[in-house]
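query-v7.json (JSON, C-alpha atoms)
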[["chain", "number", "residue", "atom", "x", "y", "z"],
["V", 246, "TYR", "CA", 133.85, 118.00, -0.49],
["V", 247, "ILE", "CA", 134.04, 114.20, -0.46],
["V", 248, "PHE", "CA", 137.43, 112.70, 0.34],
["V", 249, "MET", "CA", 138.37, 109.38, -1.20],
["V", 250, "HIS", "CA", 141.24, 107.94, 0.81],
["V", 251, "GLU", "CA", 144.48, 106.38, -0.38],
["V", 252, "ARG", "CA", 145.03, 102.64, -0.71],
["V", 253, "TYR", "CA", 145.53, 102.36, 3.05],
["V", 254, "GLY", "CA", 141.83, 102.92, 3.72],
["V", 255, "LEU", "CA", 140.37, 105.49, 6.08],
["V", 256, "VAL", "CA", 143.46, 106.22, 8.17],
["V", 257, "GLU", "CA", 144.27, 109.21, 10.36],
["V", 258, "HIS", "CA", 145.99, 110.99, 7.48],
["V", 259, "THR", "CA", 142.70, 111.16, 5.57],
["V", 260, "ARG", "CA", 140.89, 112.36, 8.66],
["V", 261, "ASP", "CA", 143.53, 115.06, 9.13],
["V", 262, "LEU", "CA", 143.06, 116.27, 5.55],
["V", 263, "ALA", "CA", 139.28, 116.25, 5.97],
["V", 264, "ARG", "CA", 139.53, 118.34, 9.13],
["V", 265, "ARG", "CA", 141.92, 120.71, 7.41],
["V", 266, "CYS", "CA", 139.51, 121.16, 4.51],
["V", 267, "ALA", "CA", 136.66, 121.76, 6.95],
["V", 268, "LYS", "CA", 138.69, 124.48, 8.66],
["V", 269, "ASP", "CA", 138.99, 126.11, 5.25],
["V", 270, "GLY", "CA", 135.21, 126.41, 5.21],
["V", 271, "PHE", "CA", 134.06, 123.34, 3.30],
["V", 272, "PHE", "CA", 131.48, 120.80, 4.41],
["V", 273, "VAL", "CA", 133.47, 117.57, 4.27],
["V", 274, "LEU", "CA", 132.64, 113.88, 4.21],
["V", 275, "ALA", "CA", 135.36, 111.19, 4.40],
["V", 276, "PRO", "CA", 133.75, 107.74, 4.07],
["V", 277, "ASP", "CA", 135.47, 104.38, 4.38],
["V", 278, "PHE", "CA", 135.31, 103.14, 0.79],
["V", 279, "PHE", "CA", 137.13, 99.89, 1.62],
["V", 280, "PHE", "CA", 134.75, 98.85, 4.39],
["V", 281, "LYS", "CA", 134.42, 95.37, 2.87],
["V", 282, "HIS", "CA", 138.07, 94.56, 3.51],
["V", 283, "THR", "CA", 138.32, 91.93, 6.23],
["V", 284, "ASP", "CA", 141.74, 92.83, 7.66],
["V", 285, "LYS", "CA", 141.86, 96.56, 8.33],
["V", 286, "GLN", "CA", 145.16, 96.32, 10.18],
["V", 287, "ALA", "CA", 146.91, 94.83, 7.16],
["V", 288, "LEU", "CA", 145.16, 97.30, 4.86],
["V", 289, "ASN", "CA", 146.11, 100.33, 6.96],
["V", 290, "ALA", "CA", 149.72, 99.13, 7.10],
["V", 291, "GLY", "CA", 149.91, 98.78, 3.33],
["V", 292, "ASN", "CA", 150.35, 95.00, 3.50],
["V", 293, "SER", "CA", 147.05, 94.30, 1.75],
["V", 294, "ARG", "CA", 144.75, 96.12, -0.63],
["V", 295, "TYR", "CA", 141.15, 96.38, -1.72],
["V", 296, "ASP", "CA", 140.64, 96.65, -5.46],
["V", 297, "MET", "CA", 137.47, 98.71, -5.64],
["V", 298, "THR", "CA", 135.71, 98.51, -8.98],
["V", 299, "ASP", "CA", 134.38, 101.50, -10.88],
["V", 300, "PRO", "CA", 130.76, 100.37, -10.38],
["V", 301, "GLU", "CA", 131.41, 100.04, -6.64],
["V", 302, "ALA", "CA", 132.83, 103.56, -6.54],
["V", 303, "ILE", "CA", 129.72, 104.92, -8.24],
["V", 304, "ASP", "CA", 127.44, 103.11, -5.80],
["V", 305, "TYR", "CA", 129.38, 104.23, -2.74],
["V", 306, "LEU", "CA", 129.62, 107.85, -3.86],
["V", 307, "ASN", "CA", 125.89, 107.91, -4.61],
["V", 308, "ALA", "CA", 125.33, 106.59, -1.07],
["V", 309, "ALA", "CA", 127.64, 109.26, 0.32],
["V", 310, "LEU", "CA", 125.68, 112.01, -1.44],
["V", 311, "ALA", "CA", 122.39, 110.50, -0.31],
["V", 312, "SER", "CA", 123.59, 110.59, 3.28],
["V", 313, "LEU", "CA", 124.02, 114.35, 2.99],
["V", 314, "GLN", "CA", 120.44, 115.05, 1.92],
["V", 315, "SER", "CA", 119.42, 115.84, 5.50],
["V", 316, "GLU", "CA", 122.48, 117.97, 6.26],
["V", 317, "PRO", "CA", 121.44, 121.64, 6.12],
["V", 318, "SER", "CA", 125.05, 122.83, 5.78],
["V", 319, "ALA", "CA", 125.75, 120.63, 2.75],
["V", 320, "ASP", "CA", 125.11, 122.31, -0.61],
["V", 321, "LEU", "CA", 124.53, 119.41, -2.99],
["V", 322, "GLY", "CA", 124.46, 121.84, -5.88],
["V", 323, "ARG", "CA", 128.19, 122.42, -5.36],
["V", 324, "VAL", "CA", 129.93, 119.09, -4.90],
["V", 325, "ALA", "CA", 133.62, 118.38, -5.33],
["V", 326, "ILE", "CA", 135.12, 114.90, -5.04],
["V", 327, "GLY", "CA", 138.80, 114.24, -4.49],
["V", 328, "GLY", "CA", 140.65, 110.99, -5.10],
["V", 329, "TYR", "CA", 144.11, 110.27, -3.74],
["V", 330, "CYS", "CA", 146.53, 107.66, -5.05],
["V", 331, "GLN", "CA", 144.55, 104.45, -5.75],
["V", 332, "THR", "CA", 141.19, 106.26, -5.74],
["V", 333, "GLY", "CA", 142.39, 109.06, -8.01],
["V", 334, "ARG", "CA", 140.40, 107.74, -10.99],
["V", 335, "HIS", "CA", 137.11, 107.38, -9.15],
["V", 336, "PRO", "CA", 136.05, 111.05, -9.04],
["V", 337, "LEU", "CA", 136.45, 111.02, -12.83],
["V", 338, "VAL", "CA", 134.42, 107.83, -13.06],
["V", 339, "PHE", "CA", 131.64, 109.23, -10.90],
["V", 340, "ALA", "CA", 131.55, 112.62, -12.62],
["V", 341, "SER", "CA", 131.10, 110.88, -15.97],
["V", 342, "HIS", "CA", 127.83, 109.42, -14.63],
["V", 343, "VAL", "CA", 126.56, 111.99, -12.12],
["V", 344, "LYS", "CA", 126.88, 115.74, -12.54],
["V", 345, "ILE", "CA", 129.13, 117.31, -9.90],
["V", 346, "SER", "CA", 130.99, 120.61, -9.73],
["V", 347, "ALA", "CA", 134.65, 119.61, -9.52],
["V", 348, "VAL", "CA", 137.07, 116.69, -9.63],
["V", 349, "VAL", "CA", 140.31, 116.68, -7.64],
["V", 350, "ILE", "CA", 143.12, 114.18, -8.30],
["V", 351, "TRP", "CA", 146.28, 113.72, -6.24],
["V", 352, "TYR", "CA", 148.91, 111.45, -7.84],
["V", 353, "GLY", "CA", 146.33, 109.09, -9.31],
["V", 354, "ALA", "CA", 144.22, 108.34, -12.41],
["V", 355, "ALA", "CA", 147.10, 108.79, -14.86],
["V", 356, "SER", "CA", 149.22, 105.63, -14.73],
["V", 357, "LYS", "CA", 149.18, 103.31, -17.71],
["V", 358, "ARG", "CA", 146.94, 100.72, -16.04],
["V", 359, "GLU", "CA", 144.16, 103.29, -15.63],
["V", 360, "TRP", "CA", 143.49, 103.26, -19.38],
["V", 361, "ASN", "CA", 142.85, 99.52, -19.58],
["V", 362, "ILE", "CA", 139.45, 97.82, -19.71],
["V", 363, "ASN", "CA", 139.03, 94.91, -17.30],
["V", 364, "GLU", "CA", 136.60, 93.55, -14.71],
["V", 365, "ARG", "CA", 137.27, 96.45, -12.35],
["V", 366, "GLN", "CA", 137.29, 99.06, -15.11],
["V", 367, "PRO", "CA", 134.52, 98.16, -17.58],
["V", 368, "GLU", "CA", 134.66, 101.43, -19.51],
["V", 369, "THR", "CA", 137.57, 103.31, -21.03],
["V", 370, "LEU", "CA", 138.91, 106.30, -19.16],
["V", 371, "GLU", "CA", 138.91, 108.18, -22.45],
["V", 372, "ASP", "CA", 135.16, 107.73, -22.86],
["V", 373, "MET", "CA", 134.52, 108.84, -19.29],
["V", 374, "ILE", "CA", 136.68, 111.93, -19.68],
["V", 375, "ALA", "CA", 134.67, 112.81, -22.78],
["V", 376, "ARG", "CA", 131.51, 112.99, -20.64],
["V", 377, "LEU", "CA", 132.93, 115.07, -17.78],
["V", 378, "PRO", "CA", 130.65, 117.96, -16.81],
["V", 379, "CYS", "CA", 133.12, 119.79, -14.57],
["V", 380, "PRO", "CA", 136.68, 121.11, -14.25],
["V", 381, "VAL", "CA", 139.53, 118.90, -13.02],
["V", 382, "PHE", "CA", 142.39, 119.71, -10.65],
["V", 383, "GLY", "CA", 145.46, 117.48, -10.73],
["V", 384, "ALA", "CA", 148.50, 117.44, -8.44],
["V", 385, "PHE", "CA", 151.47, 115.30, -9.50],
["V", 386, "GLY", "CA", 155.05, 114.89, -8.38],
["V", 387, "ALA", "CA", 157.89, 115.27, -10.85],
["V", 388, "ASP", "CA", 159.75, 112.44, -9.07],
["V", 389, "ASP", "CA", 156.82, 110.02, -8.92],
["V", 390, "HIS", "CA", 158.04, 106.46, -9.59],
["V", 391, "ILE", "CA", 154.53, 105.23, -10.46],
["V", 392, "ILE", "CA", 153.12, 108.04, -12.58],
["V", 393, "SER", "CA", 155.52, 109.52, -15.13],
["V", 394, "ARG", "CA", 155.42, 112.93, -16.73],
["V", 395, "GLU", "CA", 154.37, 111.19, -19.96],
["V", 396, "ASP", "CA", 151.46, 109.57, -18.11],
["V", 397, "VAL", "CA", 150.25, 112.94, -16.85],
["V", 398, "THR", "CA", 150.70, 114.42, -20.31],
["V", 399, "ARG", "CA", 148.41, 111.69, -21.67],
["V", 400, "LEU", "CA", 145.74, 112.61, -19.11],
["V", 401, "ARG", "CA", 146.11, 116.30, -19.89],
["V", 402, "ASP", "CA", 145.97, 115.68, -23.64],
["V", 403, "SER", "CA", 142.76, 113.68, -23.21],
["V", 404, "LEU", "CA", 141.17, 116.51, -21.23],
["V", 405, "GLU", "CA", 142.35, 118.97, -23.86],
["V", 406, "ALA", "CA", 141.08, 116.86, -26.76],
["V", 407, "HIS", "CA", 137.63, 116.76, -25.22],
["V", 408, "ASN", "CA", 137.58, 120.48, -24.44],
["V", 409, "LYS", "CA", 137.52, 120.02, -20.67],
["V", 410, "SER", "CA", 138.60, 122.63, -18.15],
["V", 411, "TYR", "CA", 141.60, 121.51, -16.12],
["V", 412, "ASP", "CA", 144.24, 122.83, -13.73],
["V", 413, "ILE", "CA", 147.15, 120.38, -13.58],
["V", 414, "HIS", "CA", 150.29, 120.99, -11.54],
["V", 415, "PHE", "CA", 153.70, 119.31, -11.38],
["V", 416, "TYR", "CA", 155.71, 119.77, -8.19],
["V", 417, "ARG", "CA", 159.47, 119.55, -8.48],
["V", 418, "GLY", "CA", 161.20, 117.11, -6.13],
["V", 419, "ALA", "CA", 157.93, 115.44, -5.12],
["V", 420, "PRO", "CA", 157.72, 111.62, -5.13],
["V", 421, "HIS", "CA", 154.57, 109.54, -5.04],
["V", 422, "GLY", "CA", 152.48, 110.17, -1.93],
["V", 423, "TRP", "CA", 154.20, 113.45, -1.07],
["V", 424, "LEU", "CA", 151.12, 114.95, 0.61],
["V", 425, "ASN", "CA", 151.10, 112.24, 3.29],
["V", 426, "ASP", "CA", 152.87, 113.64, 6.35],
["V", 427, "THR", "CA", 152.72, 110.26, 8.12],
["V", 428, "MET", "CA", 155.36, 108.96, 5.69],
["V", 429, "PRO", "CA", 158.67, 110.75, 6.34],
["V", 430, "GLY", "CA", 160.32, 109.15, 3.33],
["V", 431, "ARG", "CA", 157.74, 110.56, 0.93],
["V", 432, "TYR", "CA", 156.37, 113.70, 2.55],
["V", 433, "ARG", "CA", 157.61, 116.96, 1.09],
["V", 434, "LYS", "CA", 156.32, 119.85, 3.18],
["V", 435, "PRO", "CA", 156.96, 122.79, 0.80],
["V", 436, "GLN", "CA", 155.39, 120.98, -2.14],
["V", 437, "ALA", "CA", 152.53, 119.70, 0.01],
["V", 438, "GLU", "CA", 151.75, 123.19, 1.28],
["V", 439, "GLN", "CA", 151.87, 124.63, -2.23],
["V", 440, "GLY", "CA", 149.74, 121.82, -3.64],
["V", 441, "TRP", "CA", 147.13, 122.26, -0.94],
["V", 442, "ALA", "CA", 147.01, 126.01, -1.56],
["V", 443, "ASP", "CA", 146.63, 125.42, -5.29],
["V", 444, "GLN", "CA", 143.81, 122.94, -4.65],
["V", 445, "GLN", "CA", 141.95, 125.31, -2.38],
["V", 446, "LYS", "CA", 142.28, 128.17, -4.86],
["V", 447, "PHE", "CA", 140.85, 125.89, -7.53],
["V", 448, "LEU", "CA", 137.93, 124.84, -5.33],
["V", 449, "ALA", "CA", 137.17, 128.40, -4.29],
["V", 450, "ARG", "CA", 137.12, 129.42, -7.94],
["V", 451, "VAL", "CA", 134.99, 126.63, -9.36],
["V", 452, "LEU", "CA", 132.58, 126.30, -6.43]]
Could you express the structure from this file as structure tokens?
Amino acid sequence: YIFMHERYGLVEHTRDLARRCAKDGFFVLAPDFFFKHTDKQALNAGNSRYDMTDPEAIDYLNAALASLQSEPSADLGRVAIGGYCQTGRHPLVFASHVKISAVVIWYGAASKREWNINERQPETLEDMIARLPCPVFGAFGADDHIISREDVTRLRDSLEAHNKSYDIHFYRGAPHGWLNDTMPGRYRKPQAEQGWADQQKFLARVL
């Protein structure tokens, strides 16, 4: 399982999730995808951002997989990639170019800006979804102020239209970022525990 961190970069929260996933029996890699950012303190605090492009994401994920070639415990025939918040779209992007076993999305990939074509996103999300070779898990909060229910419905409808396997969940009372227990204003423990359990059931089934 490859973790793609939130917009804050590779912070302790991501490391905690990676360790938790490893305790569940998965071989886990959590790279720093924003390593080019020059002010990590500002990035980690949420006062700056790194706008990773889709081509960058593909390059970095290919490098991550290459780094696992010599790991005897890593089964590269069963790879899942999870994106959280800002990186939510990038497992979809990568899976549309390289065959993997599962995509995991937490409150990402569905906002209106994700469907645009621009310098960072040179190909439509719709076209990439059409090429997906694997099932998709999605966890979204019903009280998310960034991603609306209509946004998630659009993502689901695209997966449905292209005959893709998906397992999308809405969690009542959950705002954006509700899995992050380092943010008391956003963290929702019951929903986070349920979402994590749903994710692990999905991974156990598809892997």
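Each of V:His414, V:Arg365, V:His342, V:Lys285 was compared to Arg252 (chain V) using all atoms listed in the file, and V:Lys285 turns out to be the nearest.
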With only C-alpha atoms counted and 9 Å as the cut-off, give the residues of region 269-382 of chain V in contact with region 395-403 of chain V, each with its shortest interatomic distance in Å and the pair that gives it, as CSV.
residue,atom,partner,partner_atom,distance
V:Ala354,CA,V:Leu400,CA,8.1
V:Ala355,CA,V:Asp396,CA,5.5
V:Ser356,CA,V:Asp396,CA,5.7
V:Lys357,CA,V:Asp396,CA,6.7
V:Glu371,CA,V:Ser403,CA,6.8
V:Ile374,CA,V:Ser403,CA,7.2
V:Ala375,CA,V:Ser403,CA,8.1
(request) Could you check how far CA of Tyr329 (chain V) sits from CA of Asp443 (chain V), in Å to one decimal? (result)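 Going from CA of Tyr329 (chain V) over to CA of Asp443 (chain V) covers 15.4 Å.
Distances from V:Ile326, V:Ala406, V:Ala319, V:Ala347 to Pro380 (chain V) were compared using all atoms listed in the file, and the smallest one belongs to V:Ala347.
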(message) Let me make sure I understand: among V:Phe382, V:Phe272, V:Tyr432, V:Phe279, which one has the smallest atom-to-atom distance to Glu316 (chain V) if we use all atoms listed in the file?
(response)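 Nearest to Glu316 (chain V): V:Phe272.
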(request) Tell me, in Å to one decimal, how far CA of Phe339 (chain V) is from CA of Val324 (chain V). (result) 11.7 Å
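If all atoms listed in the file are the atoms counted, then among V:Tyr246, V:Phe278, V:Phe447, V:Tyr411 the closest residue to Thr298 (chain V) is V:Phe278.
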(request) Compare V:Val349, V:Leu288, V:Val256, V:Cys379 by their minimum atom-to-atom distance to Pro336 (chain V), counting all atoms listed in the file, and give me the closest one. (result)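 Answer, going by the shortest atom-to-atom distance: V:Val349.
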(request) Go through V:Met428, V:Gly254, V:Lys344, V:Gly383 one by one, measure the shortest atom-to-atom distance of each to Ser293 (chain V) using only C-alpha atoms, and give the residue with the smallest value. (result) V:Gly254
(request) Quote the spacing between CA of Asn289 (chain V) and CA of Leu255 (chain V) in Å to one decimal place. (result)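 Going from CA of Asn289 (chain V) over to CA of Leu255 (chain V), I get 7.8 Å.
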Need the axis-aligned box for region 317-326 of chain V with 5 Å each side, so what are the centre and edges in Å to one decimal, as JSON?
{"center_x": 128.3, "center_y": 118.9, "center_z": 0.1, "size_x": 23.7, "size_y": 17.9, "size_z": 22.0}
(request) Show which residues sit within 10 Å of Asp372 (chain V), as a ChimeraX atom specification. Count all atoms listed in the file, and ignore same-chain residues fewer than 2 positions away. (result) /V:338,341,368-370,374-377,403,407
Excluding same-chain residues fewer than 4 positions from Thr332 (chain V), what lies within 9 Å of it counting all atoms listed in the file, as a PDB file with C-alpha atoms, in the frame of the given file?
ATOM      1  CA  MET V 249     138.370 109.380  -1.200  1.00  0.00           C
ATOM      2  CA  HIS V 250     141.240 107.940   0.810  1.00  0.00           C
ATOM      3  CA  GLU V 251     144.480 106.380  -0.380  1.00  0.00           C
ATOM      4  CA  ARG V 252     145.030 102.640  -0.710  1.00  0.00           C
ATOM      5  CA  MET V 297     137.470  98.710  -5.640  1.00  0.00           C
ATOM      6  CA  ALA V 302     132.830 103.560  -6.540  1.00  0.00           C
ATOM      7  CA  GLY V 327     138.800 114.240  -4.490  1.00  0.00           C
ATOM      8  CA  GLY V 328     140.650 110.990  -5.100  1.00  0.00           C
ATOM      9  CA  PRO V 336     136.050 111.050  -9.040  1.00  0.00           C
ATOM     10  CA  ILE V 350     143.120 114.180  -8.300  1.00  0.00           C
ATOM     11  CA  GLY V 353     146.330 109.090  -9.310  1.00  0.00           C
ATOM     12  CA  ALA V 354     144.220 108.340 -12.410  1.00  0.00           C
TER      13      ALA V 354
END
For Arg417 (chain V), work out the shell of residues within 8 Å, counting all atoms listed in the file and skipping chain neighbours fewer than 5 positions away, then give it as a PDB file with C-alpha atoms, in the frame of the given file.
ATOM      1  CA  GLY V 386     155.050 114.890  -8.380  1.00  0.00           C
ATOM      2  CA  ALA V 387     157.890 115.270 -10.850  1.00  0.00           C
ATOM      3  CA  ASP V 388     159.750 112.440  -9.070  1.00  0.00           C
ATOM      4  CA  GLN V 436     155.390 120.980  -2.140  1.00  0.00           C
TER       5      GLN V 436
END
(request) Please identify all polymer residues lying at most 12 Å from the point (155.7, 108.3, 3.1) (file coordinates), using all atoms listed in the file, and present the result as number ranges by chain. (result) V: 251, 253, 258, 290-291, 419-434
